[in-house]
$ cat data-v9.txt   # compact mmCIF, N, CA and C atoms
# COMPACT_ATOMS: atom_id res chain seq x y z
N MET A 1 96.99 19.34 253.18
CA MET A 1 97.69 18.10 253.44
C MET A 1 96.72 16.92 253.44
N ILE A 2 95.63 17.04 254.16
CA ILE A 2 94.68 15.94 254.24
C ILE A 2 93.95 15.76 252.89
N LYS A 3 93.73 16.86 252.17
CA LYS A 3 93.10 16.76 250.85
C LYS A 3 93.98 15.97 249.89
N ASP A 4 95.26 16.20 249.95
CA ASP A 4 96.18 15.47 249.07
C ASP A 4 96.17 13.98 249.38
N THR A 5 96.11 13.65 250.63
CA THR A 5 96.06 12.24 251.03
C THR A 5 94.77 11.59 250.55
N ILE A 6 93.67 12.28 250.68
CA ILE A 6 92.38 11.75 250.23
C ILE A 6 92.39 11.57 248.72
N ILE A 7 92.94 12.52 248.00
CA ILE A 7 93.02 12.42 246.54
C ILE A 7 93.88 11.22 246.14
N LEU A 8 95.00 11.03 246.79
CA LEU A 8 95.85 9.89 246.47
C LEU A 8 95.16 8.56 246.77
N ILE A 9 94.44 8.51 247.86
CA ILE A 9 93.71 7.30 248.21
C ILE A 9 92.62 7.02 247.18
N LEU A 10 91.91 8.05 246.76
CA LEU A 10 90.87 7.88 245.74
C LEU A 10 91.45 7.41 244.41
N ILE A 11 92.56 7.95 244.03
CA ILE A 11 93.20 7.53 242.79
C ILE A 11 93.67 6.09 242.89
N PHE A 12 94.22 5.72 244.02
CA PHE A 12 94.66 4.35 244.23
C PHE A 12 93.46 3.39 244.18
N ILE A 13 92.38 3.74 244.83
CA ILE A 13 91.17 2.93 244.79
C ILE A 13 90.63 2.82 243.37
N TYR A 14 90.70 3.90 242.63
CA TYR A 14 90.23 3.90 241.25
C TYR A 14 91.06 2.94 240.40
N ILE A 15 92.36 2.95 240.55
CA ILE A 15 93.22 2.07 239.77
C ILE A 15 92.95 0.60 240.11
N ILE A 16 92.79 0.31 241.37
CA ILE A 16 92.49 -1.06 241.79
C ILE A 16 91.12 -1.50 241.27
N SER A 17 90.13 -0.64 241.41
CA SER A 17 88.79 -1.00 240.94
C SER A 17 88.75 -1.14 239.42
N PHE A 18 89.53 -0.35 238.71
CA PHE A 18 89.60 -0.47 237.25
C PHE A 18 90.19 -1.83 236.86
N THR A 19 91.22 -2.25 237.54
CA THR A 19 91.84 -3.54 237.26
C THR A 19 90.86 -4.68 237.54
N ILE A 20 90.18 -4.61 238.65
CA ILE A 20 89.19 -5.64 238.99
C ILE A 20 88.05 -5.63 237.98
N TRP A 21 87.62 -4.44 237.59
CA TRP A 21 86.54 -4.33 236.61
C TRP A 21 86.93 -4.96 235.28
N ILE A 22 88.14 -4.73 234.83
CA ILE A 22 88.60 -5.32 233.57
C ILE A 22 88.60 -6.85 233.66
N LEU A 23 89.06 -7.38 234.77
CA LEU A 23 89.07 -8.84 234.93
C LEU A 23 87.66 -9.42 234.91
N PHE A 24 86.73 -8.81 235.65
CA PHE A 24 85.35 -9.30 235.66
C PHE A 24 84.68 -9.12 234.30
N PHE A 25 84.96 -8.03 233.65
CA PHE A 25 84.41 -7.76 232.33
C PHE A 25 84.88 -8.83 231.34
N TYR A 26 86.14 -9.15 231.36
CA TYR A 26 86.70 -10.17 230.47
C TYR A 26 86.08 -11.54 230.74
N ARG A 27 85.97 -11.91 232.01
CA ARG A 27 85.38 -13.20 232.36
C ARG A 27 83.91 -13.27 231.97
N LEU A 28 83.20 -12.19 232.16
CA LEU A 28 81.79 -12.15 231.80
C LEU A 28 81.60 -12.29 230.29
N LEU A 29 82.46 -11.65 229.53
CA LEU A 29 82.37 -11.77 228.08
C LEU A 29 82.71 -13.18 227.60
N LYS A 30 83.62 -13.83 228.26
CA LYS A 30 83.96 -15.19 227.88
C LYS A 30 82.83 -16.17 228.16
N THR A 31 82.10 -15.97 229.24
CA THR A 31 81.07 -16.94 229.62
C THR A 31 79.73 -16.69 228.93
N LYS A 32 79.37 -15.44 228.69
CA LYS A 32 78.05 -15.13 228.14
C LYS A 32 78.20 -14.50 226.75
N ILE A 33 78.43 -15.33 225.78
CA ILE A 33 78.68 -14.85 224.43
C ILE A 33 77.41 -14.29 223.78
N GLU A 34 76.25 -14.84 224.10
CA GLU A 34 75.01 -14.44 223.43
C GLU A 34 74.51 -13.05 223.80
N THR A 35 74.93 -12.50 224.91
CA THR A 35 74.43 -11.19 225.33
C THR A 35 75.55 -10.15 225.40
N LYS A 36 76.41 -10.14 224.41
CA LYS A 36 77.57 -9.23 224.43
C LYS A 36 77.17 -7.76 224.40
N LYS A 37 76.20 -7.40 223.60
CA LYS A 37 75.83 -5.99 223.48
C LYS A 37 75.30 -5.44 224.81
N LYS A 38 74.49 -6.21 225.49
CA LYS A 38 73.96 -5.79 226.79
C LYS A 38 75.09 -5.67 227.81
N ILE A 39 76.00 -6.62 227.81
CA ILE A 39 77.14 -6.59 228.72
C ILE A 39 78.01 -5.37 228.45
N TYR A 40 78.28 -5.10 227.19
CA TYR A 40 79.06 -3.91 226.82
C TYR A 40 78.39 -2.64 227.34
N PHE A 41 77.12 -2.53 227.07
CA PHE A 41 76.39 -1.32 227.46
C PHE A 41 76.40 -1.10 228.97
N ILE A 42 76.09 -2.12 229.72
CA ILE A 42 76.03 -1.99 231.18
C ILE A 42 77.41 -1.69 231.76
N ASN A 43 78.41 -2.41 231.34
CA ASN A 43 79.74 -2.23 231.90
C ASN A 43 80.37 -0.90 231.51
N ILE A 44 80.24 -0.51 230.28
CA ILE A 44 80.81 0.76 229.84
C ILE A 44 80.08 1.93 230.50
N SER A 45 78.77 1.83 230.60
CA SER A 45 78.01 2.89 231.26
C SER A 45 78.40 3.03 232.73
N THR A 46 78.54 1.91 233.41
CA THR A 46 78.96 1.94 234.80
C THR A 46 80.35 2.53 234.95
N PHE A 47 81.24 2.16 234.07
CA PHE A 47 82.59 2.69 234.11
C PHE A 47 82.60 4.21 233.89
N ILE A 48 81.83 4.69 232.96
CA ILE A 48 81.78 6.13 232.68
C ILE A 48 81.22 6.89 233.88
N VAL A 49 80.15 6.39 234.47
CA VAL A 49 79.56 7.05 235.63
C VAL A 49 80.52 7.06 236.81
N PHE A 50 81.16 5.94 237.07
CA PHE A 50 82.12 5.85 238.16
C PHE A 50 83.30 6.80 237.95
N THR A 51 83.82 6.85 236.74
CA THR A 51 84.93 7.74 236.42
C THR A 51 84.52 9.21 236.55
N TYR A 52 83.34 9.53 236.07
CA TYR A 52 82.86 10.90 236.16
C TYR A 52 82.70 11.32 237.62
N LEU A 53 82.10 10.48 238.43
CA LEU A 53 81.90 10.82 239.85
C LEU A 53 83.23 10.99 240.58
N LEU A 54 84.16 10.12 240.31
CA LEU A 54 85.46 10.23 240.96
C LEU A 54 86.20 11.48 240.52
N SER A 55 86.17 11.78 239.25
CA SER A 55 86.85 12.99 238.77
C SER A 55 86.17 14.24 239.31
N PHE A 56 84.85 14.22 239.42
CA PHE A 56 84.15 15.35 240.01
C PHE A 56 84.57 15.53 241.46
N LEU A 57 84.64 14.45 242.19
CA LEU A 57 85.07 14.50 243.58
C LEU A 57 86.47 15.10 243.72
N VAL A 58 87.38 14.62 242.91
CA VAL A 58 88.76 15.05 243.01
C VAL A 58 88.93 16.50 242.53
N LEU A 59 88.32 16.84 241.42
CA LEU A 59 88.56 18.15 240.82
C LEU A 59 87.73 19.27 241.42
N GLU A 60 86.52 18.98 241.81
CA GLU A 60 85.64 20.04 242.29
C GLU A 60 85.52 20.09 243.81
N VAL A 61 85.19 18.99 244.39
CA VAL A 61 84.89 18.97 245.82
C VAL A 61 86.17 19.12 246.66
N LEU A 62 87.20 18.39 246.32
CA LEU A 62 88.41 18.42 247.14
C LEU A 62 89.32 19.60 246.84
N ASN A 63 89.08 20.33 245.80
CA ASN A 63 89.90 21.51 245.51
C ASN A 63 89.28 22.71 246.04
$ encode --input "data-v9.txt" --output "structure tokens"
Amino acid sequence: MIKDTIILILIFIYIISFTIWILFFYRLLKTKIETKKKIYFINISTFIVFTYLLSFLVLEVLN
């Protein structure tokens, strides 16, 4: 029961953080046109690591 609640909270936090990340990513790309490749690399890498850690938590640790 408590595991299910934690999983739902983590998924909800992930969805909210993804939305915020998209907004910041879009604003950053609009303001800093000259360094797009670096911005892409940093943001996409961070997103992949965050997603991997959260999925590991949900699938391995909480199960």
$ atom_distance --input "data-v9.txt" --atom1 "atom CA of Leu8 of chain A" --atom2 "atom N of Asn43 of chain A"
26.2 Å
$ closest_residue --input "data-v9.txt" --among "A:Ser55, A:Val49, A:Thr19, A:Leu62" --to "Asp4 of chain A" --atoms "all atoms listed in the file"
A:Leu62
$ closest_residue --input "data-v9.txt" --among "A:Phe47, A:Thr5, A:Tyr40, A:Tyr14" --to "Tyr26 of chain A" --atoms "only C-alpha atoms"
A:Tyr40
$ closest_residue --input "data-v9.txt" --among "A:Thr51, A:Asn63, A:Thr35, A:Thr46" --to "Ile6 of chain A" --atoms "only C-alpha atoms"
A:Asn63
$ atom_distance --input "data-v9.txt" --atom1 "atom CA of Tyr52 of chain A" --atom2 "atom C of Lys3 of chain A"
18.4 Å
$ select_by_dssp --input "data-v9.txt" --residues "chain A" --states "alpha helix (DSSP H)" --output "JSON, numbers by chain"
{"A": [2, 3, 4, 5, 6, 7, 8, 9, 10, 11, 12, 13, 14, 15, 16, 17, 18, 19, 20, 21, 22, 23, 24, 25, 26, 27, 28, 29, 30, 31, 36, 37, 38, 39, 40, 41, 42, 43, 44, 45, 46, 47, 48, 49, 50, 51, 52, 53, 54, 55, 56]}
$ atom_distance --input "data-v9.txt" --atom1 "atom CA of Ile48 of chain A" --atom2 "atom CA of Phe18 of chain A"
11.2 Å
$ closest_residue --input "data-v9.txt" --among "A:Ile42, A:Leu23, A:Ile33, A:Ile7" --to "Val58 of chain A" --atoms "all atoms listed in the file"
A:Ile7
